[in-house]
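*Asks:* Once you've had a glance at the structure underneath, I'll fire off some questions.
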Amino acid sequence: IMLLTDPEVESSLLISSDEGATYQKYRLNFYIHSLLFHPKQEDWILAYSQDQKLFSSVEFGRRWLLLHEGVAPNRFYWSMMGSGREPDLVHLEAKTVDGHAQYITCKMQNCSEATRSKPFPGYIDHNSLIVQDDYVFVQLTSGGRPHYYVSYRRNAFAQMKLPKYSLPKDMHVISTDENQVFAAVQEWNQNDTYNLYISDTRGVYFTLALENVKSSQGLEGNVMIDLYEVAGIKGMFLANKKIDNQVKTFITYNKGRDWSLLQAPDTDLRGNPVHCLLPYCSLHLHLKVSENPYTSGNIASRDTAPSIIVASGNIGAELSDNDISMFVSSDAGNTWRKIFEEEHSVLYLDQGGVLVAMKHTSLPIRHLWLSFDEGRSWSKYSFTSLPLFVDGVLGEPGEETLIMTVFGHFSHRSEWQLVKVDYKSIFDRRCAEEDYRPWQLHSQGEACIMGAKRIYRKRKSEKKCMQGKYAGAMTSEPCVCTEADFDCDYGYERHSNGQCLPAFWYNPSSLSKDCSLGQSYLNSTGYRKVVSNNCTDGVRERYTAKPQQCPGKAPQGLRIITSDGKLTAEQGHNVTFLVQLEEGDLQRSLIQVDFGDGIAVSYANLSSTEDGIKHIYQNVGIFRVTVLVENSLGSDNAVLYLHVTCPLEHVHLSLPFVTTKNKEVNATAVLWPSQVGTLTYVWWFGNNTEPLITLEGSITFTFSVEGMNTITVQVSAGNTILQDTKTIAVYEQFQSLRLSFSPNLDDYNPDIPEWRRDISRVVKRALVEATGISSKHILVAVLPGLPTSAELFILPYQDATGENKRTAADLEQISETLIQKLNQNLVHFELKPGVRILVHAAHLTAAPLVDLTPSHSGSAMLMLLSVVFVGLAVFVIYKFKRKIPGLNIYAQMQNEKDQEMVSPVSQRESIPNVPQSELMSPEQLVDEKVEVQPIGTVQDPCK
C-alpha cells in the first residue's frame with residue numbers, strides 16, 4: 001500500500017508491505033502531482049511533480065531519479081507494445097528551451113541527452129502525444145489546420161487519412177484494441193457531436209463507423225464522448241447518437257459495421273409489462289465513465305465477466321436526465337432488466353459472480369445490496385454499525401478478489417473512515433465443473449459475431465460458490481464469411497442498397513499511382529474485412545482486394561516541391577527538392593532538373609531522388625526551377641519559382657531632417673546586408689492608418705501639414721520583418737546653418753547613429769542656454785563622417801491655435817543671434833571631465849545664411865552644402881595629413897544612409913587581431929613617415 005502525505009504539510013510517501021499493519025515514511029524533494037504505475041512491473045513507477053518534472057522509481061517509491069524536466073501534463077507513458085520489448089522505455093512529450101513541444105523516448109534509468117531518441121522529426125503541437133498499445137499519435141498544425149500522424153509498432157510516422165472533406169477540428173483516440181484504431185473526430189460543421197471512424201491495421205486509412213455521437217465537457221474542460229467499449233467482448237461498443245435533437249443509445253457487436261437500438265425490458269420491478277416498441281421507444285443509457293477512481297461511473301463492465309453490463313438510464317424516445325433507473329444485462333446487451341429505481345454504484349467481485357450495489361445518496365447509509373445471480377435478485381447486508389457518509393468504493397485489484405474498501409466519514413467533522421469488507425465468509429466452497437453451464441455470445445439470435453461463434457462458461461445462477469480464476473471463452477469456431485463481415489474500404493461509402501461505392505472525391509485508380517512497372521499493388525474491391533474478424537471462405541475471395549500488376553503509364557501530374565513545402569531558401573544552405581508524379585513511374589523515367597542558376601542535373605532512376613535532390617544556391621534572387629520527366633510513353637514538366645534570400649539584419653531609414661511644405665522629399669531604406677533577395681516595403685506617413693506598399697526601397701512623397709511628421713518603413717524579407725522610424729520637420733520656410741566643432745571632438749566620434757543623436761541633443765541644449773532662444777525653434781542634426789559637423793535648422797514654431805507664427809524677419813533675427821553667440825565662442829559643452837568642446841559657425845562659402853522660402857528647394861540647397869562640405873573636408877585632410885580609418889567609405893557618403901554600411905566600432909576596434917600595445921596614433925604614424933592604407937571595409941555577409 002502506498003499513501004501520499006498532504007503536500008501542504010510535507011512531501012512524503014508512506015509505504016506498507018504488510019497490508020497496512022506498519023508503514024515506513026520516505027521523504028521526497030518534490031511534490032507529486034500524479035503517479036503512473038507500470039502495468040507489468042509492480043515496483044516501477046513514474047511520478048509527475050507539480051513543477052512539470054518527471055521522476056522514475058524501480059523500488060516502489062523508496063528512491064527516485066529525475067528523468068526529464070518540462071514534461072507536458074499526462075503526456076508520459078510506459079512502452080507497452082504487443083511484443084513486450086523494452087518494458088523500461090518511457091515515452092514523453094517535453095518542452096524545448098524555445099517553448100516548442102517534442103516527442104522523446106528514453107530509458108527510465110537513463111534519460112541523458114545522448115541516450116534520448118526523437119522518433120517524430122521536428123516539433124509537435126502541445127499536449128498532443130498519445131501512446132497506446134502498438135500505436136503512437138501526434139498532432140501538427142500547419143496552415144491553420146491540424147494534421148494527425150500515427151506510428152504503428154514504432155515504425156516511421158505516416159499522416160492519418162480521413163475522408164477528404166472531413167476537415168477535422170478535433171480528434172480523440174477511443175480504442176486501439178485488436179490492431180485497429182477507433183477514433184472520434186469533430187468535423188468542421190460539428191459543435192457538440194463527433195463522428196466515429198475506424199482504421200485499417202496500420203491506423204492510417206479511416207472509414208466512417210457512426211455519425212453525430214454526443215459529446216460534453218468534463219469538470220476540467222476535457223471533452224467527454226458518449227461512447228463506451230464493453231469489456232470482455234472485442235468489437236462491442238455502446239454509443240449515444242444525436243438524431244434530430246434527440247439522443248438515442250445504439251449498440252454494435254462488429255466494431256461499428258452495424259448499429260441497433262437497445263430493446264427495453266419487458267417488465268418493471270413489480271413485474272408489470274413495459275410497453276416500448278422499437279424504433280419509437282427503446283432503452284437509453286448514460287455512458288460516462290467516472291474520472292474519480294473511488295466512484296463508479298454511469299456504466300460498468302469487466303473483462304472477467306464478459307456478458308454482464310450494469311448501467312443507469314431510462315426507457316423512452318430519447319435519453320433523459322430525469323427518472324434515472326439502474327439496468328443490468330447478463331447476455332451482452334441483448335436483453336435488459338431493471339434492478340433499482342434510483343442510481344447506485346455497482347462493484348464486480350469474484351469475476352462478476354457477486355455484484356455489490358450501494359445507493360447514490362447524500363445521506364449516511366449502513367446497508368448495501370448483494371446479488372449472486374447476475375442481478376436477478378438482491379439481498380440486503382449491513383456493512384457498518386454506524387451510518388456512514390460514503391465518499392467512494394474501491395475494489396481490490398486481481399481477478400479473484402472478494403474484498404472491497406468503503407471510504408467515508410461518520411459526520412461532516414470527522415476524519416475519513418476506511419471500511420474493509422471481505423466476502424470470503426459468504427462462500428463455503430470453490431466452484432466445481434458441474435456448477436457451470438455453457439453460454440453462447442449472440443446478437444439478437446445471430447451467433448456469428450466478428451466471424452466466429454464463441455461459447456463462454458457461466459456459473460449456474462442457483463449455485464453459490466466462489467469461482468476463482470477466469471477461464472475465458474470455452475470454444476471459438478470460425479464462421480463462413482458473409483457481406484456483413486466486410487466494411488467499406490477507404491474512399492468508399494455505403495449506399496442505401498448496401499453497396500460500397502466510390503465517394504465523389506475518390507479516384508479508385510489512385511492506388512496504382514505509387515507503384516512501379518513490374519510490381520503489383522492491391523486493387524480494392526471497395527470492401528475490407530473488419531479487422532480481427534475471423535470468418536473464412538464464403539464471399540471472402542470476392543470482397544478481398546486483389547493483387548494487380550502496376551500499369552505502365554506516361555508521366556502525368558508532375559510536381560516539384562521543396563522538402564519543407566516553402567518557396568524560400570537561404571543562400572548558401574542546402575535546398576532539398578522532391579519530385580512527385582500523380583501517374584507514371586519515376587523509377588523507370590529520365591529526370592532532368594534545371595536549378596535556374598546555370599546548373600542542371602539528370603537522374604536515370606528514382607533511387608537517386610528518394611531522399612530528395614539537394615542543391616546550394618550561391619546567390620540571392622528568384623530562380624526558375626524546372627523539372628522534366630520522360631519515359632517511352634511520354635513526358636511531363638513542372639516549374640517552381642524559388643526565392644533565395646540572405647537574412648536581413650538591419651534597416652535604416654534615410655531622409656532629410658527638415659523639408660519645405662508641399663515639396664517632394666526622397667526617403668530611402670538602407671539595408672544590411674545590401675543584397676538579401678526579394679523584399680516588400682510597407683510605408684506609413686504621419687498619422688495615416690493605411691500604409692503604402694512598394695517593391696522599391698526608395699519613395700518620393702510630400703507633406704501638406706506643417707510640424708513634426710513621422711515616417712515608418714517596414715521591410716519584409718522571407719520570415720523576417722524589420723522596421724525603422726524617423727521624424728521630419730515640415731515648414732513653409734526655415735533657415736539652416738552649418739556648425740563645426742573644436743578638433744578634439746573627432747577623437748571621441750565613433751560615427752554611429754546613437755552617438756550622433758546624443759551629441760545633437762547636447763548641442764541643442766548648449767545653444768538654448770547660450771542664446772535664450774526657445775528650444776522649439778531649434779533643430780540640430782550631427783552629420784555622418786569626419787571632421788564632425790552638424791546642421792542647425794531655425795524653425796518657425798507656432799502654437800496649436802496657429803497664432804504667434806514667426807515671420808521670415810523673425811527667423812532672420814534668431815539666426816543673427818545664434819551666429820553672434822557662436823562667433824563669440826559662447827556655445828560650448830563638456831563632453832567628459834576635462835574635455836571641453838566649442839561650437840562654431842562653419843563659414844564654407846561667402847554666401848549669407850541660406851533662406852529657404854517656398855521659391856527655393858530646401859533639399860537641393862542641402863545637397864549643395866553637402867558637396868561643398870565634402871570638398872572642404874578632403875582639403876583639410878590633405879593639408880594636415882590626417883589619416884582616417886575607413887576613409888574610402890566615408891568619402892562616398894552624401895548623407896546618413898550610407899553610414900549604416902560601416903561597422904559601429906571605434907577607430908582602434910576597427911583593426912582586428914592587433915594588440916593594443918602595438919597601435920600608434922595617427923600623429924605617430926605621420927612622424928614615422930609610414931604609408932597608411934585602409935585595411936579593408938566590413939564585408940557584406942551575402943557576398
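Residues in the C-alpha cells are numbered from 1 in each chain, the chains being A, B, ... in the order shown, and ligands are numbered from 1 in the order shown.
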Write out as number ranges by chain which residues come within 12 Å of Thr201 (chain A) when counting only C-alpha atoms, dropping same-chain ones fewer than 6 positions away.
*Replies:* A: 134-135, 150-153, 176-182, 528-532
*Asks:* For the selection you just gave me, I'd like the residues written to a file as a PDB file, in the first residue's frame, keeping N, CA and C atoms.
*Replies:*
```pdb
ATOM      1  N   ASP A 134       0.139  -0.613 -29.667  1.00  0.00           N
ATOM      2  CA  ASP A 134       1.128  -0.597 -30.747  1.00  0.00           C
ATOM      3  C   ASP A 134       1.182   0.732 -31.489  1.00  0.00           C
ATOM      4  N   TYR A 135       0.437   1.731 -31.039  1.00  0.00           N
ATOM      5  CA  TYR A 135       0.304   2.976 -31.807  1.00  0.00           C
ATOM      6  C   TYR A 135       0.842   4.173 -31.034  1.00  0.00           C
ATOM      7  N   VAL A 150       0.505   8.985 -37.272  1.00  0.00           N
ATOM      8  CA  VAL A 150       0.468   7.756 -36.488  1.00  0.00           C
ATOM      9  C   VAL A 150       1.702   6.918 -36.805  1.00  0.00           C
ATOM     10  N   SER A 151       2.213   6.267 -35.774  1.00  0.00           N
ATOM     11  CA  SER A 151       3.293   5.289 -35.946  1.00  0.00           C
ATOM     12  C   SER A 151       2.780   3.948 -35.449  1.00  0.00           C
ATOM     13  N   TYR A 152       2.857   2.925 -36.315  1.00  0.00           N
ATOM     14  CA  TYR A 152       2.381   1.595 -35.953  1.00  0.00           C
ATOM     15  C   TYR A 152       3.587   0.715 -35.643  1.00  0.00           C
ATOM     16  N   ARG A 153       3.583   0.122 -34.463  1.00  0.00           N
ATOM     17  CA  ARG A 153       4.669  -0.724 -33.983  1.00  0.00           C
ATOM     18  C   ARG A 153       6.017  -0.009 -34.069  1.00  0.00           C
ATOM     19  N   THR A 176      -7.592   1.177 -29.274  1.00  0.00           N
ATOM     20  CA  THR A 176      -6.573   0.640 -30.184  1.00  0.00           C
ATOM     21  C   THR A 176      -6.493  -0.879 -30.037  1.00  0.00           C
ATOM     22  N   ASP A 177      -7.601  -1.488 -29.629  1.00  0.00           N
ATOM     23  CA  ASP A 177      -7.624  -2.936 -29.443  1.00  0.00           C
ATOM     24  C   ASP A 177      -7.583  -3.659 -30.788  1.00  0.00           C
ATOM     25  N   GLU A 178      -7.082  -4.889 -30.724  1.00  0.00           N
ATOM     26  CA  GLU A 178      -7.139  -5.791 -31.875  1.00  0.00           C
ATOM     27  C   GLU A 178      -6.530  -5.177 -33.138  1.00  0.00           C
ATOM     28  N   ASN A 179      -5.404  -4.442 -32.977  1.00  0.00           N
ATOM     29  CA  ASN A 179      -4.691  -3.881 -34.134  1.00  0.00           C
ATOM     30  C   ASN A 179      -5.585  -3.026 -35.023  1.00  0.00           C
ATOM     31  N   GLN A 180      -6.317  -2.135 -34.380  1.00  0.00           N
ATOM     32  CA  GLN A 180      -7.191  -1.236 -35.134  1.00  0.00           C
ATOM     33  C   GLN A 180      -7.461  -0.003 -34.273  1.00  0.00           C
ATOM     34  N   VAL A 181      -7.590   1.145 -34.926  1.00  0.00           N
ATOM     35  CA  VAL A 181      -7.818   2.395 -34.207  1.00  0.00           C
ATOM     36  C   VAL A 181      -9.265   2.824 -34.370  1.00  0.00           C
ATOM     37  N   PHE A 182      -9.914   3.083 -33.239  1.00  0.00           N
ATOM     38  CA  PHE A 182     -11.250   3.656 -33.215  1.00  0.00           C
ATOM     39  C   PHE A 182     -11.071   5.107 -32.774  1.00  0.00           C
ATOM     40  N   ARG A 528     -13.412  -3.996 -47.242  1.00  0.00           N
ATOM     41  CA  ARG A 528     -12.306  -4.571 -46.479  1.00  0.00           C
ATOM     42  C   ARG A 528     -12.902  -5.314 -45.292  1.00  0.00           C
ATOM     43  N   LYS A 529     -12.281  -6.437 -44.957  1.00  0.00           N
ATOM     44  CA  LYS A 529     -12.796  -7.232 -43.842  1.00  0.00           C
ATOM     45  C   LYS A 529     -12.570  -6.479 -42.540  1.00  0.00           C
ATOM     46  N   VAL A 530     -13.569  -6.529 -41.662  1.00  0.00           N
ATOM     47  CA  VAL A 530     -13.425  -5.881 -40.361  1.00  0.00           C
ATOM     48  C   VAL A 530     -12.215  -6.485 -39.667  1.00  0.00           C
ATOM     49  N   VAL A 531     -11.322  -5.621 -39.197  1.00  0.00           N
ATOM     50  CA  VAL A 531     -10.092  -6.099 -38.569  1.00  0.00           C
ATOM     51  C   VAL A 531     -10.432  -6.992 -37.373  1.00  0.00           C
ATOM     52  N   SER A 532      -9.686  -8.073 -37.223  1.00  0.00           N
ATOM     53  CA  SER A 532      -9.845  -9.098 -36.181  1.00  0.00           C
ATOM     54  C   SER A 532     -11.085  -9.950 -36.394  1.00  0.00           C
TER      55      SER A 532
END
```
*Asks:* List the spatial neighbours of Gln440 (chain A) as a VMD selection string - criterion: any atom at most 8 Å away, only C-alpha atoms, same-chain residues fewer than 5 positions off excluded.
*Replies:* chain A and resid 447 453 to 456
*Asks:* Take the residues that were just selected and, keeping all heavy atoms, output them as a PDB file, in the first residue's frame.
*Replies:*
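This went into selection-v2.pdb:
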```pdb
ATOM      1  N   ALA A 447     -25.449 -15.880 -34.045  1.00  0.00           N
ATOM      2  CA  ALA A 447     -24.333 -16.409 -33.256  1.00  0.00           C
ATOM      3  C   ALA A 447     -22.970 -16.037 -33.834  1.00  0.00           C
ATOM      4  O   ALA A 447     -21.972 -16.039 -33.107  1.00  0.00           O
ATOM      5  CB  ALA A 447     -24.450 -17.920 -33.139  1.00  0.00           C
ATOM      6  N   LYS A 453     -18.112 -18.080 -33.789  1.00  0.00           N
ATOM      7  CA  LYS A 453     -19.070 -18.451 -32.752  1.00  0.00           C
ATOM      8  C   LYS A 453     -18.281 -18.689 -31.469  1.00  0.00           C
ATOM      9  O   LYS A 453     -17.368 -19.509 -31.449  1.00  0.00           O
ATOM     10  CB  LYS A 453     -19.820 -19.731 -33.152  1.00  0.00           C
ATOM     11  CG  LYS A 453     -20.729 -19.562 -34.355  1.00  0.00           C
ATOM     12  CD  LYS A 453     -21.419 -20.873 -34.688  1.00  0.00           C
ATOM     13  CE  LYS A 453     -22.339 -20.722 -35.889  1.00  0.00           C
ATOM     14  NZ  LYS A 453     -22.978 -22.017 -36.261  1.00  0.00           N
ATOM     15  N   ARG A 454     -18.636 -17.950 -30.423  1.00  0.00           N
ATOM     16  CA  ARG A 454     -17.883 -18.052 -29.177  1.00  0.00           C
ATOM     17  C   ARG A 454     -18.809 -18.525 -28.052  1.00  0.00           C
ATOM     18  O   ARG A 454     -19.903 -17.980 -27.876  1.00  0.00           O
ATOM     19  CB  ARG A 454     -17.257 -16.706 -28.817  1.00  0.00           C
ATOM     20  CG  ARG A 454     -15.961 -16.429 -29.559  1.00  0.00           C
ATOM     21  CD  ARG A 454     -15.477 -15.012 -29.323  1.00  0.00           C
ATOM     22  NE  ARG A 454     -16.219 -14.062 -30.143  1.00  0.00           N
ATOM     23  CZ  ARG A 454     -16.012 -12.748 -30.125  1.00  0.00           C
ATOM     24  NH1 ARG A 454     -15.112 -12.244 -29.302  1.00  0.00           N
ATOM     25  NH2 ARG A 454     -16.713 -11.946 -30.908  1.00  0.00           N
ATOM     26  N   ILE A 455     -18.367 -19.526 -27.344  1.00  0.00           N
ATOM     27  CA  ILE A 455     -19.133 -20.080 -26.225  1.00  0.00           C
ATOM     28  C   ILE A 455     -18.330 -19.864 -24.936  1.00  0.00           C
ATOM     29  O   ILE A 455     -17.148 -20.203 -24.868  1.00  0.00           O
ATOM     30  CB  ILE A 455     -19.425 -21.583 -26.438  1.00  0.00           C
ATOM     31  CG1 ILE A 455     -20.288 -21.768 -27.697  1.00  0.00           C
ATOM     32  CG2 ILE A 455     -20.117 -22.177 -25.218  1.00  0.00           C
ATOM     33  CD1 ILE A 455     -20.566 -23.220 -28.042  1.00  0.00           C
ATOM     34  N   TYR A 456     -18.962 -19.231 -23.957  1.00  0.00           N
ATOM     35  CA  TYR A 456     -18.344 -18.977 -22.655  1.00  0.00           C
ATOM     36  C   TYR A 456     -18.979 -19.919 -21.623  1.00  0.00           C
ATOM     37  O   TYR A 456     -20.053 -20.483 -21.846  1.00  0.00           O
ATOM     38  CB  TYR A 456     -18.581 -17.522 -22.229  1.00  0.00           C
ATOM     39  CG  TYR A 456     -17.965 -16.503 -23.164  1.00  0.00           C
ATOM     40  CD1 TYR A 456     -18.616 -16.111 -24.340  1.00  0.00           C
ATOM     41  CD2 TYR A 456     -16.747 -15.902 -22.854  1.00  0.00           C
ATOM     42  CE1 TYR A 456     -18.060 -15.166 -25.181  1.00  0.00           C
ATOM     43  CE2 TYR A 456     -16.183 -14.961 -23.693  1.00  0.00           C
ATOM     44  CZ  TYR A 456     -16.834 -14.591 -24.857  1.00  0.00           C
ATOM     45  OH  TYR A 456     -16.285 -13.663 -25.696  1.00  0.00           O
TER      46      TYR A 456
END
```
*Asks:* Give the helix (DSSP H, G or I) residues of region 298-542 of chain A, as DSSP finds them on the backbone, and put them as a PDB file with N, CA, C and O atoms, in the first residue's frame.
*Replies:*
```pdb
ATOM      1  N   ASP A 350     -15.431 -11.325  -7.514  1.00  0.00           N
ATOM      2  CA  ASP A 350     -15.375 -12.735  -7.930  1.00  0.00           C
ATOM      3  C   ASP A 350     -15.760 -12.897  -9.396  1.00  0.00           C
ATOM      4  O   ASP A 350     -16.627 -13.706  -9.746  1.00  0.00           O
ATOM      5  N   GLN A 351     -15.113 -12.100 -10.256  1.00  0.00           N
ATOM      6  CA  GLN A 351     -15.343 -12.159 -11.703  1.00  0.00           C
ATOM      7  C   GLN A 351     -16.806 -11.950 -12.087  1.00  0.00           C
ATOM      8  O   GLN A 351     -17.296 -12.527 -13.058  1.00  0.00           O
ATOM      9  N   GLY A 352     -17.481 -11.126 -11.346  1.00  0.00           N
ATOM     10  CA  GLY A 352     -18.884 -10.883 -11.662  1.00  0.00           C
ATOM     11  C   GLY A 352     -19.809 -11.900 -11.041  1.00  0.00           C
ATOM     12  O   GLY A 352     -21.031 -11.809 -11.200  1.00  0.00           O
ATOM     13  N   LYS A 424     -15.370 -13.376   1.721  1.00  0.00           N
ATOM     14  CA  LYS A 424     -14.982 -14.783   1.622  1.00  0.00           C
ATOM     15  C   LYS A 424     -15.865 -15.680   2.494  1.00  0.00           C
ATOM     16  O   LYS A 424     -16.156 -16.825   2.147  1.00  0.00           O
ATOM     17  N   SER A 425     -16.305 -15.163   3.626  1.00  0.00           N
ATOM     18  CA  SER A 425     -17.077 -15.990   4.555  1.00  0.00           C
ATOM     19  C   SER A 425     -18.439 -16.365   4.003  1.00  0.00           C
ATOM     20  O   SER A 425     -19.095 -17.287   4.512  1.00  0.00           O
ATOM     21  N   ILE A 426     -18.874 -15.644   2.941  1.00  0.00           N
ATOM     22  CA  ILE A 426     -20.185 -15.954   2.365  1.00  0.00           C
ATOM     23  C   ILE A 426     -20.160 -17.322   1.690  1.00  0.00           C
ATOM     24  O   ILE A 426     -21.149 -18.052   1.690  1.00  0.00           O
ATOM     25  N   GLU A 433     -16.738 -28.181 -11.708  1.00  0.00           N
ATOM     26  CA  GLU A 433     -17.130 -28.138 -13.112  1.00  0.00           C
ATOM     27  C   GLU A 433     -18.638 -28.227 -13.279  1.00  0.00           C
ATOM     28  O   GLU A 433     -19.212 -27.599 -14.171  1.00  0.00           O
ATOM     29  N   GLU A 434     -19.293 -28.982 -12.412  1.00  0.00           N
ATOM     30  CA  GLU A 434     -20.749 -29.141 -12.570  1.00  0.00           C
ATOM     31  C   GLU A 434     -21.520 -27.889 -12.157  1.00  0.00           C
ATOM     32  O   GLU A 434     -22.748 -27.824 -12.376  1.00  0.00           O
ATOM     33  N   ASP A 435     -20.833 -26.920 -11.583  1.00  0.00           N
ATOM     34  CA  ASP A 435     -21.510 -25.677 -11.203  1.00  0.00           C
ATOM     35  C   ASP A 435     -21.646 -24.700 -12.382  1.00  0.00           C
ATOM     36  O   ASP A 435     -22.237 -23.632 -12.227  1.00  0.00           O
ATOM     37  N   GLU A 483     -21.414 -10.906 -46.421  1.00  0.00           N
ATOM     38  CA  GLU A 483     -21.217  -9.472 -46.690  1.00  0.00           C
ATOM     39  C   GLU A 483     -21.171  -8.675 -45.391  1.00  0.00           C
ATOM     40  O   GLU A 483     -20.497  -7.636 -45.311  1.00  0.00           O
ATOM     41  N   ALA A 484     -21.808  -9.158 -44.322  1.00  0.00           N
ATOM     42  CA  ALA A 484     -21.834  -8.445 -43.046  1.00  0.00           C
ATOM     43  C   ALA A 484     -20.475  -8.416 -42.363  1.00  0.00           C
ATOM     44  O   ALA A 484     -20.267  -7.638 -41.434  1.00  0.00           O
ATOM     45  N   ASP A 485     -19.536  -9.262 -42.812  1.00  0.00           N
ATOM     46  CA  ASP A 485     -18.205  -9.284 -42.223  1.00  0.00           C
ATOM     47  C   ASP A 485     -17.263  -8.274 -42.869  1.00  0.00           C
ATOM     48  O   ASP A 485     -16.086  -8.182 -42.482  1.00  0.00           O
ATOM     49  N   PRO A 508     -10.500   5.650 -57.630  1.00  0.00           N
ATOM     50  CA  PRO A 508     -10.041   4.301 -57.278  1.00  0.00           C
ATOM     51  C   PRO A 508      -8.708   3.926 -57.909  1.00  0.00           C
ATOM     52  O   PRO A 508      -7.968   3.105 -57.359  1.00  0.00           O
ATOM     53  N   SER A 509      -8.373   4.520 -59.056  1.00  0.00           N
ATOM     54  CA  SER A 509      -7.106   4.161 -59.709  1.00  0.00           C
ATOM     55  C   SER A 509      -5.908   4.813 -59.041  1.00  0.00           C
ATOM     56  O   SER A 509      -4.763   4.567 -59.428  1.00  0.00           O
ATOM     57  N   SER A 510      -6.163   5.646 -58.007  1.00  0.00           N
ATOM     58  CA  SER A 510      -5.052   6.365 -57.377  1.00  0.00           C
ATOM     59  C   SER A 510      -4.094   5.421 -56.674  1.00  0.00           C
ATOM     60  O   SER A 510      -2.927   5.748 -56.470  1.00  0.00           O
ATOM     61  N   LEU A 511      -4.569   4.232 -56.269  1.00  0.00           N
ATOM     62  CA  LEU A 511      -3.691   3.299 -55.570  1.00  0.00           C
ATOM     63  C   LEU A 511      -2.565   2.806 -56.465  1.00  0.00           C
ATOM     64  O   LEU A 511      -1.513   2.403 -55.985  1.00  0.00           O
ATOM     65  N   SER A 512      -2.791   2.815 -57.779  1.00  0.00           N
ATOM     66  CA  SER A 512      -1.764   2.325 -58.695  1.00  0.00           C
ATOM     67  C   SER A 512      -0.715   3.390 -59.009  1.00  0.00           C
ATOM     68  O   SER A 512       0.283   3.108 -59.648  1.00  0.00           O
ATOM     69  N   ARG A 540     -15.451 -14.328 -49.019  1.00  0.00           N
ATOM     70  CA  ARG A 540     -14.164 -13.694 -48.701  1.00  0.00           C
ATOM     71  C   ARG A 540     -13.349 -13.396 -49.951  1.00  0.00           C
ATOM     72  O   ARG A 540     -12.797 -12.310 -50.093  1.00  0.00           O
ATOM     73  N   GLU A 541     -13.294 -14.348 -50.848  1.00  0.00           N
ATOM     74  CA  GLU A 541     -12.494 -14.172 -52.059  1.00  0.00           C
ATOM     75  C   GLU A 541     -13.027 -13.026 -52.906  1.00  0.00           C
ATOM     76  O   GLU A 541     -12.268 -12.230 -53.456  1.00  0.00           O
ATOM     77  N   ARG A 542     -14.360 -12.922 -52.997  1.00  0.00           N
ATOM     78  CA  ARG A 542     -14.975 -11.902 -53.850  1.00  0.00           C
ATOM     79  C   ARG A 542     -14.728 -10.481 -53.324  1.00  0.00           C
ATOM     80  O   ARG A 542     -14.530  -9.549 -54.080  1.00  0.00           O
TER      81      ARG A 542
END
```
*Asks:* Using Å and a single decimal, report how far CA of Trp78 (chain A) sits from CA of Ile403 (chain A).
*Replies:*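 Distance between the two atoms: 28.5 Å.
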*Asks:* Could you pull out the strand (DSSP E or B) residues of region 446-668 of chain A from DSSP and send them as a ChimeraX atom specification?
*Replies:* /A:446,449,452-459,466,473-478,480,486-488,492-494,500-502,520-523,527-529,536,546-549,556,559-562,568-570,574-580,583,590-594,600-603,613-616,621-631,634-645,650-654,658-660,665-668
*Asks:* Go through region 810-842 of chain A residue by residue and, counting only C-alpha atoms, keep those with an atom at most 10 Å from region 760-780 of chain A; for each kept residue give the shortest atom pair and its distance in Å to one decimal, ordered by chain and increasing number, as CSV.
*Replies:*
```
residue,atom,partner,partner_atom,distance
A:Leu811,CA,A:His777,CA,8.9
A:Ile814,CA,A:Ile773,CA,7.6
A:Thr817,CA,A:Thr771,CA,7.0
A:Leu818,CA,A:Thr771,CA,6.7
A:Ile819,CA,A:Thr771,CA,9.9
A:Gln820,CA,A:Thr771,CA,9.2
A:Lys821,CA,A:Thr771,CA,6.8
A:Leu822,CA,A:Leu767,CA,8.6
A:Asn825,CA,A:Ala770,CA,9.8
A:Leu826,CA,A:Ala770,CA,6.3
A:Val827,CA,A:Ala770,CA,5.9
A:His828,CA,A:Ala766,CA,6.2
A:Phe829,CA,A:Ala766,CA,6.3
A:Glu830,CA,A:Val762,CA,9.2
A:Leu831,CA,A:Val762,CA,8.9
A:Ile837,CA,A:Val763,CA,9.7
A:Leu838,CA,A:Val763,CA,9.8
A:Val839,CA,A:Val763,CA,7.9
```
*Asks:* Looking at only C-alpha atoms, which of A:Val639, A:Leu283, A:Leu355, A:Leu13 is the one that sits closest to Ile308 (chain A)?
*Replies:*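 Among A:Val639, A:Leu283, A:Leu355, A:Leu13, it is A:Leu355 that comes nearest to Ile308 (chain A).
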*Asks:* Can you tell me which residues surround region 623-627 of chain A at a distance of at most 8 Å, considering only C-alpha atoms, apart from same-chain residues fewer than 4 positions away, and format the answer as a ChimeraX atom specification?
*Replies:* /A:560,591-597,637-644
*Asks:* How far is it from CA of Lys420 (chain A) to CA of Lys458 (chain A), in Å with one decimal?
*Replies:*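 If I compute the distance from CA of Lys420 (chain A) to CA of Lys458 (chain A), I get 28.1 Å.
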*Asks:* Within 7 Å of region 667-671 of chain A, counting only C-alpha atoms, which residues show up once you throw out same-chain ones fewer than 3 positions away? Write them as a ChimeraX atom specification, please.
*Replies:* /A:650-655,674,697-700,897
*Asks:* Any idea what the distance is between CA of Lys338 (chain A) and CA of Ala264 (chain A)?
*Replies:* 9.3 Å
*Asks:* Just the residues within 12 Å of Asp564 (chain A), please, counting only C-alpha atoms, with nothing from its chain fewer than 5 positions along; format it as number ranges by chain.
*Replies:* A: 121-122, 142, 569, 574-578, 612
